[in-house]
>>> print(open('coords19.cif').read())   # mmCIF, C-alpha atoms
data_entry
#
loop_
_atom_site.label_atom_id
_atom_site.label_comp_id
_atom_site.auth_asym_id
_atom_site.auth_seq_id
_atom_site.Cartn_x
_atom_site.Cartn_y
_atom_site.Cartn_z
CA MET Q 1161 113.06 77.80 149.55
CA THR Q 1162 116.51 78.57 150.75
CA GLU Q 1163 116.42 76.07 153.61
CA ALA Q 1164 116.15 73.15 151.25
CA THR Q 1165 119.47 73.95 149.63
CA GLN Q 1166 121.36 74.39 152.86
CA ASN Q 1167 124.09 71.96 153.64
CA PRO Q 1168 122.62 69.47 156.11
CA THR Q 1169 125.91 69.23 157.99
CA ASP Q 1170 126.08 72.96 158.59
CA THR Q 1171 125.61 73.03 162.35
CA ALA Q 1172 124.84 76.69 162.87
CA ARG Q 1173 121.78 75.72 164.90
CA PRO Q 1174 121.93 73.75 168.12
CA THR Q 1175 121.31 70.05 167.70
CA ARG Q 1176 119.95 67.34 169.91
CA ARG Q 1177 119.96 63.58 169.75
CA PRO Q 1178 116.72 62.20 168.35
CA HIS Q 1179 114.67 59.48 169.96
CA ALA Q 1180 115.65 56.25 168.30
CA LEU Q 1181 114.62 52.63 168.34
CA ALA Q 1182 116.44 49.58 167.04
CA ARG Q 1183 114.63 46.33 166.60
CA SER Q 1184 115.30 43.02 164.94
CA VAL Q 1185 113.14 42.21 161.98
CA GLU Q 1186 113.01 38.98 160.01
CA ASP Q 1187 115.77 39.84 157.57
CA GLY Q 1188 117.86 42.25 159.59
CA LEU Q 1189 117.68 45.42 161.60
CA GLU Q 1190 115.15 48.21 161.61
CA LEU Q 1191 116.03 51.60 163.03
CA ARG Q 1192 113.54 54.35 163.69
CA PHE Q 1193 114.39 57.96 164.36
CA GLU Q 1194 111.91 60.60 165.37
CA LEU Q 1195 112.73 63.79 163.48
CA PRO Q 1196 109.71 66.09 163.70
CA GLY Q 1197 109.92 69.10 161.40
CA THR Q 1198 112.37 67.62 158.94
CA THR Q 1199 111.99 66.75 155.26
CA ARG Q 1200 113.78 64.25 153.03
CA ASP Q 1201 116.17 66.77 151.52
CA ARG Q 1202 117.31 67.92 154.94
CA VAL Q 1203 118.41 64.52 156.22
CA GLU Q 1204 121.91 63.22 155.78
CA LEU Q 1205 122.60 59.63 156.72
CA THR Q 1206 126.10 58.23 156.41
CA VAL Q 1207 127.88 55.09 157.55
CA GLU Q 1208 131.60 55.15 158.14
CA ASP Q 1209 133.64 52.51 159.93
CA GLY Q 1210 130.52 50.76 161.09
CA GLU Q 1211 129.13 53.93 162.63
CA LEU Q 1212 125.88 55.49 161.53
CA HIS Q 1213 125.85 59.28 161.49
CA LEU Q 1214 122.55 61.10 161.21
CA VAL Q 1215 122.10 64.84 160.69
CA ALA Q 1216 118.64 66.28 160.15
CA ARG Q 1217 117.80 69.95 159.84
CA THR Q 1218 114.33 70.95 160.92
CA ALA Q 1219 111.91 73.75 160.17
CA LEU Q 1220 111.31 74.24 163.91
CA SER Q 1221 111.48 77.90 164.83
CA ASP Q 1222 110.27 80.31 167.42
CA PRO Q 1223 107.57 82.77 166.34
CA GLU Q 1224 108.84 86.08 165.02
CA GLY Q 1225 108.54 89.36 166.85
CA SER Q 1226 107.89 89.77 170.53
CA PHE Q 1227 105.86 87.17 172.36
CA ARG Q 1228 105.42 85.70 175.79
CA VAL Q 1229 106.30 82.11 176.45
CA SER Q 1230 103.45 80.43 178.27
CA HIS Q 1231 104.83 76.94 178.14
CA ARG Q 1232 108.04 75.55 176.72
CA GLU Q 1233 109.10 71.92 176.42
CA PHE Q 1234 111.42 71.95 173.42
CA ALA Q 1235 113.95 74.22 171.77
CA ALA Q 1236 114.04 74.89 168.04
CA THR Q 1237 116.92 72.55 167.26
CA ASP Q 1238 118.18 70.28 164.53
CA PHE Q 1239 118.95 66.62 165.16
CA GLU Q 1240 122.25 64.80 165.19
CA GLY Q 1241 123.46 61.47 166.51
CA ARG Q 1242 125.94 58.63 165.99
CA TRP Q 1243 125.35 54.95 166.59
CA VAL Q 1244 127.62 51.96 166.20
CA LEU Q 1245 126.04 49.31 164.02
CA PRO Q 1246 126.38 45.55 164.55
CA ASP Q 1247 128.95 43.80 162.33
CA ASP Q 1248 126.52 41.40 160.73
CA VAL Q 1249 124.48 43.88 158.74
CA ASP Q 1250 124.89 44.85 155.10
CA VAL Q 1251 124.84 48.65 155.02
CA ASP Q 1252 125.20 48.68 151.22
CA ALA Q 1253 121.74 47.17 150.98
CA ALA Q 1254 120.13 49.58 153.46
CA THR Q 1255 116.93 51.39 152.56
CA SER Q 1256 115.25 54.31 154.31
CA GLU Q 1257 111.95 56.11 154.32
CA LEU Q 1258 110.77 59.35 155.94
CA GLN Q 1259 107.11 59.79 156.78
CA HIS Q 1260 105.46 62.30 159.11
CA GLY Q 1261 108.80 63.13 160.68
CA VAL Q 1262 109.80 59.52 161.35
CA LEU Q 1263 112.81 58.08 159.56
CA THR Q 1264 112.83 54.30 159.19
CA VAL Q 1265 116.08 52.65 158.12
CA ARG Q 1266 116.16 48.96 157.23
CA ILE Q 1267 119.48 47.22 157.08
CA PRO Q 1268 119.41 43.57 155.98
CA ALA Q 1269 121.55 41.01 157.76
CA ARG Q 1270 124.68 40.04 155.88
CA GLU Q 1271 124.46 36.63 154.30
CA LYS Q 1272 126.65 34.39 156.37
CA ALA Q 1273 129.60 33.16 154.41
CA ARG Q 1274 129.87 29.44 154.84
CA ARG Q 1275 133.28 28.00 154.73
CA THR Q 1276 134.61 24.58 155.36
CA ILE Q 1277 138.01 24.56 156.89
CA GLU Q 1278 140.17 21.87 155.53
CA ILE Q 1279 142.10 19.82 158.00
CA ALA Q 1280 145.65 19.37 156.98
CA MET S 61 100.51 76.45 181.54
CA VAL S 62 99.39 72.87 181.19
CA LEU S 63 95.99 72.29 182.64
CA PHE S 64 96.47 68.57 182.80
CA ASP S 65 98.42 65.95 180.98
CA ARG S 66 96.99 62.48 180.70
CA ASN S 67 99.92 61.23 178.79
CA PRO S 68 101.30 58.30 180.76
CA PHE S 69 104.75 58.58 179.17
CA HIS S 70 105.50 62.20 179.79
CA SER S 71 107.74 63.33 177.01
CA LEU S 72 110.27 65.11 179.18
CA ARG S 73 111.41 61.92 180.85
CA PRO S 74 114.13 59.85 179.26
CA THR S 75 112.44 57.24 177.17
CA PRO S 76 112.97 53.51 176.66
CA PHE S 77 114.20 54.39 173.18
CA ASP S 78 117.14 56.28 174.58
CA ASP S 79 118.05 53.39 176.80
CA LEU S 80 118.14 51.05 173.85
CA PHE S 81 120.55 53.14 171.92
CA GLY S 82 122.50 54.38 174.89
CA ALA S 83 124.95 57.22 174.79
CA ALA S 84 126.47 58.54 171.59
CA GLY S 85 128.77 56.10 169.91
CA THR S 86 127.62 53.03 171.82
CA ALA S 87 126.64 49.89 170.01
CA VAL S 88 123.13 49.36 168.79
CA ARG S 89 121.49 46.83 171.03
CA ARG S 90 118.56 45.02 169.59
CA GLY S 91 115.63 45.24 171.91
CA PRO S 92 112.02 44.24 171.84
CA ASP S 93 109.61 46.50 170.06
CA LEU S 94 108.76 48.63 173.03
CA ALA S 95 105.83 50.94 173.25
CA GLU S 96 106.51 53.85 170.97
CA SER S 97 108.04 56.76 172.77
CA PHE S 98 107.14 59.34 170.17
CA GLU S 99 107.38 62.91 171.29
CA ARG S 100 104.51 65.05 172.36
CA ARG S 101 106.50 68.03 173.52
CA ALA S 102 104.72 71.32 173.19
CA ASN S 103 105.53 75.02 173.13
CA LEU S 104 102.90 77.66 173.75
CA THR S 105 103.58 81.32 173.07
CA ALA S 106 101.26 84.30 173.19
CA THR S 107 100.98 87.90 172.06
CA ASP S 108 98.13 90.37 172.62
CA GLU S 109 96.62 89.15 169.32
CA GLY S 110 96.67 85.44 169.95
CA ALA S 111 98.46 82.27 170.94
CA HIS S 112 100.57 79.83 168.98
CA LEU S 113 100.79 76.18 170.02
CA THR S 114 103.31 73.79 168.51
CA VAL S 115 103.26 70.09 169.39
CA LEU S 116 105.82 67.61 168.12
CA VAL S 117 103.85 64.62 166.83
CA PRO S 118 106.26 62.48 164.79
CA GLY S 119 104.51 59.56 163.14
CA PHE S 120 101.15 61.31 163.08
CA GLY S 121 99.73 62.65 159.82
CA PRO S 122 97.00 65.27 159.33
CA ASP S 123 94.31 62.57 159.46
CA ASP S 124 95.62 61.16 162.72
CA VAL S 125 95.25 64.30 164.82
CA GLU S 126 92.15 65.92 166.26
CA VAL S 127 92.07 69.35 167.88
CA ARG S 128 89.30 70.57 170.12
CA VAL S 129 89.11 74.18 171.25
CA GLN S 130 86.79 75.54 173.88
CA ARG S 131 87.27 79.12 175.07
CA THR S 132 90.51 78.82 177.01
CA THR S 133 91.25 75.13 176.58
CA VAL S 134 92.84 73.27 173.68
CA THR S 135 92.81 69.49 173.60
CA VAL S 136 94.97 67.64 171.09
CA ARG S 137 94.36 63.96 170.41
CA GLY S 138 96.36 61.70 168.17
CA ALA S 139 95.73 58.14 167.06
CA ALA S 140 97.74 56.30 164.43
CA SER S 141 98.27 52.71 163.47
CA THR S 142 101.82 51.46 163.44
CA GLY S 143 103.59 48.33 162.38
CA ASP S 144 103.39 46.53 159.07
CA ASP S 145 100.13 44.81 159.96
CA GLY S 146 98.53 48.12 160.94
CA LYS S 147 97.20 46.49 164.08
CA ALA S 148 99.36 48.18 166.65
CA ARG S 149 97.95 51.57 167.57
CA ARG S 150 99.38 54.43 169.48
CA SER S 151 97.58 57.40 170.79
CA PHE S 152 97.97 60.42 173.01
CA GLU S 153 95.93 63.22 174.44
CA ARG S 154 97.12 66.52 175.85
CA SER S 155 95.24 69.56 177.00
CA PHE S 156 96.49 73.10 177.42
CA ARG S 157 95.05 76.07 179.24
CA LEU S 158 95.37 79.21 177.15
CA PRO S 159 96.15 82.58 178.75
CA PHE S 160 92.96 84.10 177.25
CA PRO S 161 89.76 83.03 175.46
CA VAL S 162 90.21 82.44 171.74
CA ASP S 163 87.97 83.00 168.76
CA VAL S 164 87.04 79.38 168.13
CA ASP S 165 85.89 80.02 164.54
CA GLU S 166 89.22 81.55 163.57
CA VAL S 167 91.53 78.84 164.91
CA SER S 168 93.68 77.20 162.27
CA ALA S 169 95.59 73.93 162.59
CA ARG S 170 98.20 72.26 160.43
CA VAL S 171 100.16 69.02 160.72
CA GLU S 172 103.26 68.81 158.60
CA HIS S 173 106.28 66.50 158.88
CA GLY S 174 105.23 65.41 162.34
CA VAL S 175 104.69 68.91 163.73
CA LEU S 176 101.29 70.30 164.73
CA ASP S 177 100.97 74.08 164.50
CA LEU S 178 97.94 75.84 165.91
CA GLU S 179 97.13 79.52 165.46
CA LEU S 180 94.68 80.65 168.12
CA PRO S 181 93.51 84.24 167.61
CA ARG S 182 92.43 85.96 170.77
CA SER S 183 88.72 86.53 171.14
CA GLY S 184 87.87 90.06 169.95
CA ALA S 185 86.01 90.97 173.11
CA ASP S 186 88.99 89.98 175.20
CA ARG S 187 91.70 91.85 173.31
CA PRO S 188 93.35 94.77 175.03
CA ARG S 189 92.53 98.10 173.40
CA ILE S 190 94.03 101.54 173.41
CA VAL S 191 91.44 103.67 175.18
CA PRO S 192 91.09 107.21 173.82
CA ILE S 193 91.52 109.74 176.59
CA ALA S 194 88.88 112.43 176.86
CA GLY S 195 90.05 115.91 177.75
CA ALA S 196 89.69 119.57 176.87
CA THR S 197 87.90 119.97 173.57
CA GLU S 198 89.74 123.19 172.78
CA ALA S 199 92.19 122.76 169.92
CA PRO S 200 95.82 123.01 171.00
CA ARG S 201 97.11 126.45 170.44
CA GLU S 202 100.56 127.07 169.11
CA ILE S 203 102.80 128.92 171.47
CA THR S 204 104.31 131.97 169.86
CA ASP S 205 107.93 132.96 170.29
CA ALA S 206 106.80 136.09 172.10
CA GLU S 207 105.09 134.01 174.76
CA VAL S 208 108.16 131.88 175.34
CA GLU S 209 110.18 134.96 176.12
#
>>> encode(input="coords19.cif", output="structure tokens")
Amino acid sequence: MTEATQNPTDTARPTRRPHALARSVEDGLELRFELPGTTRDRVELTVEDGELHLVARTALSDPEGSFRVSHREFAATDFEGRWVLPDDVDVDAATSELQHGVLTVRIPAREKARRTIEIA
Amino acid sequence: MVLFDRNPFHSLRPTPFDDLFGAAGTAVRRGPDLAESFERRANLTATDEGAHLTVLVPGFGPDDVEVRVQRTTVTVRGAASTGDDGKARRSFERSFRLPFPVDVDEVSARVEHGVLDLELPRSGADRPRIVPIAGATEAPREITDAEVE
């Protein structure tokens, strides 16, 4: 499979922003991205300067040869999006899981540093 | 052409998910766990041999999807449990009118990575055929050079 070895950041195909949901869970933040047609080795998830960058290549394609379009609601695209994360999460401890085209990312809340400020 | 669409959250509208995350580069706002706005967008293409239906069903596995085909109508139903407790359920149903009757026994369906692909071969009786043209039974005769002159 040649697709699997392609660089996920190669943006030769058009991309669109995936549906995404953020919700608070007991120990932090849970993010869900809908990425139909993608597999684990085609997803690239990076965090830089508090910004989450997601690129996912998909296997979505139009049929080969000549055909008539009876109904069309989506284009064969890849997914890409950027989101600014809250400050109080620990991205180094993040975990993620991809199942049936849904990527779930869990980012635990940072343990609050407790400091007593001495009064001079 | 869509015959009808009972889906109350039509997938082409902006969804509550998008509102939560806002435009690119905006901060993640933590919202309540809204009703899932999973996609159910569909593409339907056809050739003389058959139709191909693709439905985006992220979050639904092969066991969560049911496909019903009757002559010129395809109905796709999905039901999956969500959430850690498995209690929350989400479901959808969409029906599509096909441009021609299909051979129900030859339909094949596959759900992979949140994408449903349906191959719907056109019913044999309905396929267009090349009709042989009847004409003179005499074999074509080669024209000689002498005749051309």
>>> atom_distance(input="coords19.cif", atom1="atom CA of Ala140 of chain S", atom2="atom CA of Gly121 of chain S")
8.1 Å
>>> closest_residue(input="coords19.cif", among="Q:Thr1175, Q:Thr1198, Q:Thr1264, Q:Ser1256", to="chain S", atoms="only C-alpha atoms")
Q:Thr1198
>>> resolve_selection(input="coords19.cif", expression="the PyMOL selection byres ((chain Q and resi 1192) around 10)", output="mmCIF file with C-alpha atoms, in the coordinates of the input")
data_model
loop_
_atom_site.group_PDB
_atom_site.id
_atom_site.type_symbol
_atom_site.label_atom_id
_atom_site.label_comp_id
_atom_site.auth_asym_id
_atom_site.auth_seq_id
_atom_site.Cartn_x
_atom_site.Cartn_y
_atom_site.Cartn_z
ATOM 1 C CA PRO Q 1178 116.720 62.200 168.350
ATOM 2 C CA HIS Q 1179 114.670 59.480 169.960
ATOM 3 C CA ALA Q 1180 115.650 56.250 168.300
ATOM 4 C CA LEU Q 1181 114.620 52.630 168.340
ATOM 5 C CA ALA Q 1182 116.440 49.580 167.040
ATOM 6 C CA ARG Q 1183 114.630 46.330 166.600
ATOM 7 C CA GLU Q 1190 115.150 48.210 161.610
ATOM 8 C CA LEU Q 1191 116.030 51.600 163.030
ATOM 9 C CA PHE Q 1193 114.390 57.960 164.360
ATOM 10 C CA GLU Q 1194 111.910 60.600 165.370
ATOM 11 C CA LEU Q 1195 112.730 63.790 163.480
ATOM 12 C CA SER Q 1256 115.250 54.310 154.310
ATOM 13 C CA GLU Q 1257 111.950 56.110 154.320
ATOM 14 C CA LEU Q 1258 110.770 59.350 155.940
ATOM 15 C CA VAL Q 1262 109.800 59.520 161.350
ATOM 16 C CA LEU Q 1263 112.810 58.080 159.560
ATOM 17 C CA THR Q 1264 112.830 54.300 159.190
ATOM 18 C CA VAL Q 1265 116.080 52.650 158.120
ATOM 19 C CA ARG Q 1266 116.160 48.960 157.230
ATOM 20 C CA PHE S 77 114.200 54.390 173.180
#
>>> interface_residues(input="coords19.cif", of="chain Q", to="chain S", cutoff="9 Å", atoms="all atoms listed in the file", output="PyMOL selection string")
chain Q and resi 1177-1184+1189+1194-1199+1211-1212+1220+1222-1223+1226-1235+1241-1246+1258-1262
>>> residues_around(input="coords19.cif", residues="Val136 of chain S", least_positions_apart="4", cutoff="8 Å", atoms="all atoms listed in the file", output="tab-separated table (two decimals) with C-alpha atoms, keeping the file's coordinate frame")
chain	number	residue	atom	x	y	z
S	125	VAL	CA	95.25	64.30	164.82
S	126	GLU	CA	92.15	65.92	166.26
S	127	VAL	CA	92.07	69.35	167.88
S	128	ARG	CA	89.30	70.57	170.12
S	153	GLU	CA	95.93	63.22	174.44
S	154	ARG	CA	97.12	66.52	175.85
S	155	SER	CA	95.24	69.56	177.00
>>> atom_distance(input="coords19.cif", atom1="atom CA of Pro181 of chain S", atom2="atom CA of Phe160 of chain S")
9.7 Å
>>> closest_residue(input="coords19.cif", among="Q:Ala1269, Q:Glu1240, Q:Val1249, Q:Ile1277", to="Thr1206 of chain Q", atoms="all atoms listed in the file")
Q:Glu1240
